[in-house]
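Have a look at the structure below, then the notes.
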Amino acid sequence: MTHTTIAEIYIFILAAFVGYQIITRVPPLLHTPLMSATNAISGISLVGSLVVAGRDGNAIAGVLGVIAVACATINVVGGFIITDRMLKMFRAGGRPHHREAP
Amino acid sequence: MTTRELITDATYLLASVLFILGLRSLTRPETARRGMQLAALGMLAAICGTLVHHEIVTYRGALVGLGIGALIGWPLGTRVAMTAMPQRIAISHSFGALAATLVGIAEYYSHGDAGEPISRGMIGALAFEVLFGSLTVSGSFIAFSKLQELLPGRPLTFRGQNFMNLTLFTGALALGAWLVVHPEAAWAFYALVGLSFVIGLSMVLPIGGADMPVVVSLLNSYAGLAASATGFAIDNNVLIICGALDGASGFLLSISMSKAMNRSFGNVLFGAFGSAANSPQGSLEERPMKAISPEDAAATLAFARRVVVVPGYGLAVAQAQQLTREMAEQIEKRGGDVKFAIHPVAGRMPGHMNVLLAEANVQYEKMIEMEEINEQFSSVDVAIVIGANDVVNPAAKRDPKSPIFGMPILDVDQARQVFVLKRGKGAGFAGIDNDLFFEEKTSLIFGDAKASLQKLVAEMKAL
């Protein structure tokens, strides 16, 4: 096992721990936005797909990369928009209606 | 390290920090929106940072993919109705997992094609990536089809199903192990992709609609793990971090959903809840139910001081969230107090009811979680159950033989009076009789929830 792999395992475990600590504190009220938010964030596989799609050489791998880019982009674009749409709707009482995005 | 690499890594670090802060902002509704907007900026930074990556020599493919993705993603973000949120989330898990799986296949294929050796560590990561990725693609698609009602929502089961699933899963693990020993065995790699796809199908097909909150959360977790495995395979830290966050989130949600149903993970996945075996038999029709007209209900509600609304999946189906808020306003106008009792598994995904009510402009302080509202039911004048059934079924407390025995429920039966809006006389999704409907204090308003509420609100306005 290389040093890189070991460092990556550290990163994985620490990130999972941070995720666990934060997400236990998200109230059930916001569980649906949480799901769409994590889904949008996991669209980060876009960065991996972009490299595969743009690499020189293998045509088949390139095509698979382009499809992967499209799928990941759907999640990034759709995911962040819908999360924002949902969060915009949650409003507290006794205050003026939520501020609209400019 | 070249300047380019440094720029790429800096944007990845920035993105990771903004994602974590974005998720943390979700702990409070006031900060949530701003936090997630920052997270979106982080994503944009990471994308720009990737485009300067030294391995990218042609931008055509990347731009085509980005263009197609944006064209499809835009309407999926702006157009989809809030009532369709569960299936929207399910299909997006499918897309995310497909991206991870395809990257895995492309990596394996291009290495094999160029005759480059694949290290044990890399093939291990790739195997995990396509295992979780491929089963999430098909599993989420089935979940989507069930939620969208392209497939029947009831569990589809056959004898020996669990045995078959176990065999398939063991087979997948064996293929993974074989690949670590023989990384060049392409047949094993592609067989693993195919087998994982079948596992996804056979895992979700037997699961009924009422259990969807657990399944959708679990698939969320798997999609994350697939992204993380991608990160291990291509040595990309931001992927590992995001995948871990996503995995942890989905895992926690599925545990809390299982708990809210008092069932173990295994029971949800292998129990095929609500199958034909416990469907209702004749006994239902023989007991009398007390019906009430919307007009009479309106008269009672108009003078109620404390009212609790219990929404369920039926509210989403009837799209009655706006009318529910109008009814609440009518009660409040006469000095009554209205709260909304939210059961953790009401609806088809975690937080489903909260989103619907928020869409209808209900303030979130009025949406009360189960434990808190249960302490208050004894002082409630009227509880109105709209399209909910199993989450208010007292059999969960009283009848040890009931399939939902032990599940925490909303103690609606402690309110002074109960109104139930119900489509027909049938049993709930789990196919279980509900004693609440036959109690002395309970009156049923039969008909489509939206139509009933329309009459009720019109009547209250006229009073």
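Ordering of the structure tokens sets the chain letters (A, B, ...), residue numbers begin anew at 1 in every chain, and ligands are numbered from 1 in the order given.
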Do you have, as CSV, the list of residues of chain A lying at most 12 Å from range 67-89 of chain B, each with its nearest atom pair and that distance in Å to one decimal, counting only C-alpha atoms and ordered by chain then number?
residue,atom,partner,partner_atom,distance
A:His31,CA,B:Pro86,CA,11.7
A:Thr32,CA,B:Met85,CA,8.3
A:Pro33,CA,B:Met85,CA,9.9
A:Leu34,CA,B:Ile89,CA,10.8
A:Met35,CA,B:Ile89,CA,7.5
A:Ser36,CA,B:Ile89,CA,6.5
A:Ala37,CA,B:Ile89,CA,10.1
A:Thr38,CA,B:Ile89,CA,10.5
A:Asn39,CA,B:Ile89,CA,7.9
A:Ala40,CA,B:Ile89,CA,10.0
A:Gly43,CA,B:Gly69,CA,11.2
A:Leu46,CA,B:Gly69,CA,10.5
A:Val66,CA,B:Ile68,CA,9.4
A:Ile67,CA,B:Gly69,CA,8.8
A:Ala68,CA,B:Gly69,CA,9.3
A:Val69,CA,B:Gly69,CA,7.2
A:Ala70,CA,B:Gly69,CA,4.0
A:Cys71,CA,B:Gly69,CA,6.0
A:Ala72,CA,B:Gly69,CA,7.2
A:Thr73,CA,B:Gly69,CA,4.7
A:Ile74,CA,B:Gly73,CA,4.0
A:Asn75,CA,B:Gly73,CA,6.5
A:Val76,CA,B:Gly73,CA,7.7
A:Val77,CA,B:Gly73,CA,5.3
A:Gly78,CA,B:Gly77,CA,4.0
A:Gly79,CA,B:Gly77,CA,6.3
A:Phe80,CA,B:Gly77,CA,7.6
A:Ile81,CA,B:Gly77,CA,5.1
A:Ile82,CA,B:Gly77,CA,4.5
A:Thr83,CA,B:Gly77,CA,8.2
A:Asp84,CA,B:Gly77,CA,9.2
A:Arg85,CA,B:Thr78,CA,7.7
A:Met86,CA,B:Met82,CA,8.2
A:Leu87,CA,B:Met82,CA,11.8
A:Met89,CA,B:Met82,CA,10.7
Would you mind exporting C-alpha atoms of the selected residues as a PDB file, in the first residue's frame?
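Saved file selection19.pdb follows:
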ATOM      1  CA  HIS A  31     -33.860  16.621   5.735  1.00  0.00           C
ATOM      2  CA  THR A  32     -35.164  16.901   2.176  1.00  0.00           C
ATOM      3  CA  PRO A  33     -32.953  19.915   1.362  1.00  0.00           C
ATOM      4  CA  LEU A  34     -30.086  17.997   3.014  1.00  0.00           C
ATOM      5  CA  MET A  35     -30.586  15.101   0.621  1.00  0.00           C
ATOM      6  CA  SER A  36     -30.705  17.335  -2.412  1.00  0.00           C
ATOM      7  CA  ALA A  37     -27.687  19.281  -1.121  1.00  0.00           C
ATOM      8  CA  THR A  38     -25.516  16.197  -0.604  1.00  0.00           C
ATOM      9  CA  ASN A  39     -26.671  15.015  -3.986  1.00  0.00           C
ATOM     10  CA  ALA A  40     -25.586  18.263  -5.622  1.00  0.00           C
ATOM     11  CA  GLY A  43     -21.896  15.919  -8.401  1.00  0.00           C
ATOM     12  CA  LEU A  46     -17.783  15.978 -12.442  1.00  0.00           C
ATOM     13  CA  VAL A  66     -18.547  12.847 -22.026  1.00  0.00           C
ATOM     14  CA  ILE A  67     -21.630  10.920 -20.852  1.00  0.00           C
ATOM     15  CA  ALA A  68     -20.271  11.007 -17.310  1.00  0.00           C
ATOM     16  CA  VAL A  69     -19.737  14.774 -17.557  1.00  0.00           C
ATOM     17  CA  ALA A  70     -23.331  15.207 -18.718  1.00  0.00           C
ATOM     18  CA  CYS A  71     -24.731  13.064 -15.869  1.00  0.00           C
ATOM     19  CA  ALA A  72     -22.666  14.800 -13.201  1.00  0.00           C
ATOM     20  CA  THR A  73     -23.566  18.230 -14.593  1.00  0.00           C
ATOM     21  CA  ILE A  74     -27.265  17.357 -14.379  1.00  0.00           C
ATOM     22  CA  ASN A  75     -26.781  16.774 -10.654  1.00  0.00           C
ATOM     23  CA  VAL A  76     -24.685  19.858 -10.067  1.00  0.00           C
ATOM     24  CA  VAL A  77     -26.941  22.256 -11.973  1.00  0.00           C
ATOM     25  CA  GLY A  78     -30.279  20.684 -11.053  1.00  0.00           C
ATOM     26  CA  GLY A  79     -29.224  19.861  -7.504  1.00  0.00           C
ATOM     27  CA  PHE A  80     -28.038  23.305  -6.433  1.00  0.00           C
ATOM     28  CA  ILE A  81     -30.995  25.031  -8.097  1.00  0.00           C
ATOM     29  CA  ILE A  82     -33.601  22.822  -6.483  1.00  0.00           C
ATOM     30  CA  THR A  83     -31.916  23.049  -3.082  1.00  0.00           C
ATOM     31  CA  ASP A  84     -32.007  26.818  -3.318  1.00  0.00           C
ATOM     32  CA  ARG A  85     -35.637  26.716  -4.425  1.00  0.00           C
ATOM     33  CA  MET A  86     -36.537  24.659  -1.385  1.00  0.00           C
ATOM     34  CA  LEU A  87     -34.537  26.659   1.141  1.00  0.00           C
ATOM     35  CA  MET A  89     -39.479  28.558   0.911  1.00  0.00           C
TER      36      MET A  89
END
As a VMD selection string, please: every residue in chain A that DSSP puts in helix (DSSP H, G or I).
chain A and resid 3 to 23 28 to 54 59 to 89
With distances taken over only C-alpha atoms, which residue among B:Val204, B:Ala191, B:Met122, B:Val57 lies nearest Thr2 in chain A?
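Selected residue with least distance to Thr2 in chain A: B:Met122.
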Write out as a ChimeraX atom specification which residues come within 12 Å of Leu301 in chain B when counting only C-alpha atoms, dropping same-chain ones fewer than 5 positions away.
/B:294-296,306-309,327-338,380-384,417-419,456-457,459-461,463
Would you mind exporting the chosen residues as a PDB file, in the first residue's frame, restricted to C-alpha atoms?
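Final output, part35.pdb:
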ATOM      1  CA  PRO B 294     -67.253  19.077   5.471  1.00  0.00           C
ATOM      2  CA  GLU B 295     -69.942  21.604   6.475  1.00  0.00           C
ATOM      3  CA  ASP B 296     -70.332  20.153   9.978  1.00  0.00           C
ATOM      4  CA  ARG B 306     -56.188  24.292  19.597  1.00  0.00           C
ATOM      5  CA  VAL B 307     -55.939  22.368  16.357  1.00  0.00           C
ATOM      6  CA  VAL B 308     -53.203  20.023  15.163  1.00  0.00           C
ATOM      7  CA  VAL B 309     -52.949  19.025  11.514  1.00  0.00           C
ATOM      8  CA  MET B 327     -57.837  26.125   6.439  1.00  0.00           C
ATOM      9  CA  ALA B 328     -55.244  26.864   9.122  1.00  0.00           C
ATOM     10  CA  GLU B 329     -55.526  30.586   8.366  1.00  0.00           C
ATOM     11  CA  GLN B 330     -59.291  30.451   8.785  1.00  0.00           C
ATOM     12  CA  ILE B 331     -58.903  28.855  12.211  1.00  0.00           C
ATOM     13  CA  GLU B 332     -56.227  31.360  13.228  1.00  0.00           C
ATOM     14  CA  LYS B 333     -58.372  34.249  12.080  1.00  0.00           C
ATOM     15  CA  ARG B 334     -60.908  33.225  14.702  1.00  0.00           C
ATOM     16  CA  GLY B 335     -58.256  33.133  17.399  1.00  0.00           C
ATOM     17  CA  GLY B 336     -57.502  29.430  17.269  1.00  0.00           C
ATOM     18  CA  ASP B 337     -53.994  28.000  17.331  1.00  0.00           C
ATOM     19  CA  VAL B 338     -52.860  25.616  14.590  1.00  0.00           C
ATOM     20  CA  VAL B 380     -55.795  19.583  21.635  1.00  0.00           C
ATOM     21  CA  ASP B 381     -59.425  20.236  20.684  1.00  0.00           C
ATOM     22  CA  VAL B 382     -59.317  18.827  17.167  1.00  0.00           C
ATOM     23  CA  ALA B 383     -56.681  16.789  15.372  1.00  0.00           C
ATOM     24  CA  ILE B 384     -57.123  16.687  11.601  1.00  0.00           C
ATOM     25  CA  GLN B 417     -61.847  15.088  18.715  1.00  0.00           C
ATOM     26  CA  VAL B 418     -60.319  13.649  15.553  1.00  0.00           C
ATOM     27  CA  PHE B 419     -61.222  14.387  11.943  1.00  0.00           C
ATOM     28  CA  LEU B 456     -64.396  23.010   4.322  1.00  0.00           C
ATOM     29  CA  VAL B 457     -62.530  26.255   3.666  1.00  0.00           C
ATOM     30  CA  GLU B 459     -67.782  26.868   4.533  1.00  0.00           C
ATOM     31  CA  MET B 460     -65.482  28.426   7.137  1.00  0.00           C
ATOM     32  CA  LYS B 461     -65.209  31.614   5.128  1.00  0.00           C
ATOM     33  CA  LEU B 463     -69.439  31.307   8.738  1.00  0.00           C
TER      34      LEU B 463
END
Leaving out range 3-9 of chain A and any residue of its chain fewer than 4 positions from it, which residues lie within 9 Å of it when counting only C-alpha atoms, given as a short mmCIF file (atom, residue, chain, number, x, y, z; two decimals) with N, CA and C atoms, in the first residue's frame?
data_model
loop_
_atom_site.label_atom_id
_atom_site.label_comp_id
_atom_site.auth_asym_id
_atom_site.auth_seq_id
_atom_site.Cartn_x
_atom_site.Cartn_y
_atom_site.Cartn_z
N ILE A 13 -11.72 8.93 6.29
CA ILE A 13 -12.26 8.71 7.63
C ILE A 13 -12.55 10.04 8.33
N LEU A 14 -11.62 10.99 8.19
CA LEU A 14 -11.85 12.29 8.83
C LEU A 14 -13.06 13.00 8.22
N GLY B 121 -4.22 -1.60 -5.44
CA GLY B 121 -5.01 -0.58 -4.75
C GLY B 121 -6.01 0.06 -5.70
N GLY B 231 -12.66 8.75 -6.11
CA GLY B 231 -11.56 9.55 -5.61
C GLY B 231 -10.33 8.71 -5.30
N PHE B 232 -10.53 7.54 -4.68
CA PHE B 232 -9.41 6.64 -4.40
C PHE B 232 -8.77 6.15 -5.70
N ASP B 235 -6.97 9.17 -7.39
CA ASP B 235 -6.21 9.98 -6.44
C ASP B 235 -6.69 11.42 -6.40
N ASN B 236 -7.98 11.59 -6.12
CA ASN B 236 -8.53 12.94 -6.08
C ASN B 236 -9.20 13.16 -4.71
N ASN B 237 -8.59 14.05 -3.91
CA ASN B 237 -9.05 14.21 -2.53
C ASN B 237 -10.44 14.81 -2.40
N ILE B 240 -12.97 12.21 -2.62
CA ILE B 240 -13.03 11.37 -1.41
C ILE B 240 -13.82 12.09 -0.33
#
Just checking: using only C-alpha atoms, which residue out of B:Asp411, B:Leu315, B:Met370, B:Ala298 ends up closest to Ala458 in chain B?
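Closest residue, counting only C-alpha atoms: B:Ala298.
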Using only C-alpha atoms, which residues sit within 8 Å of Val310 in chain B once same-chain residues fewer than 2 positions away are excluded, as a list in words?
Val308, Gly312, Phe340, Ala341, Ile342, Ala383, Ile384, Val385, Ile386 and Ala388 of chain B
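From CA of Ile207 in chain B back to CA of Val317 in chain B, the distance works out to 19.6 Å.
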Exercise: Gly54 in chain A partners within 9 Å, only C-alpha atoms, chain neighbours under 4 positions left out, as a list in words
Ser49, Leu50, Gly62, Gly65 and Val66 of chain A; Leu51, Glu55, Ile56, Val57, Thr58, Tyr59, Arg60, Gly61 and Ala62 of chain B
If we count only C-alpha atoms and set the cut-off at 10 Å, which residues sit around Asp113 in chain B, ignoring sequence neighbours fewer than 3 positions away in its own chain? Please answer as an MDAnalysis selection string.
(chainID A and resid 58 60:61) or (chainID B and resid 107:110 116)
Grab the residues selected above and save them as a PDB file, in the first residue's frame with C-alpha atoms.
ATOM      1  CA  ASN A  58      -8.640   6.607 -26.013  1.00  0.00           C
ATOM      2  CA  ILE A  60     -14.138   4.899 -26.136  1.00  0.00           C
ATOM      3  CA  ALA A  61     -12.988   6.165 -22.748  1.00  0.00           C
TER       4      ALA A  61
ATOM      5  CA  GLU B 107     -10.321   4.242 -16.315  1.00  0.00           C
ATOM      6  CA  TYR B 108     -10.217   0.449 -16.453  1.00  0.00           C
ATOM      7  CA  TYR B 109     -10.723   0.323 -20.198  1.00  0.00           C
ATOM      8  CA  SER B 110      -8.099   2.941 -21.085  1.00  0.00           C
ATOM      9  CA  GLU B 116      -0.585  -0.157 -18.621  1.00  0.00           C
TER      10      GLU B 116
END
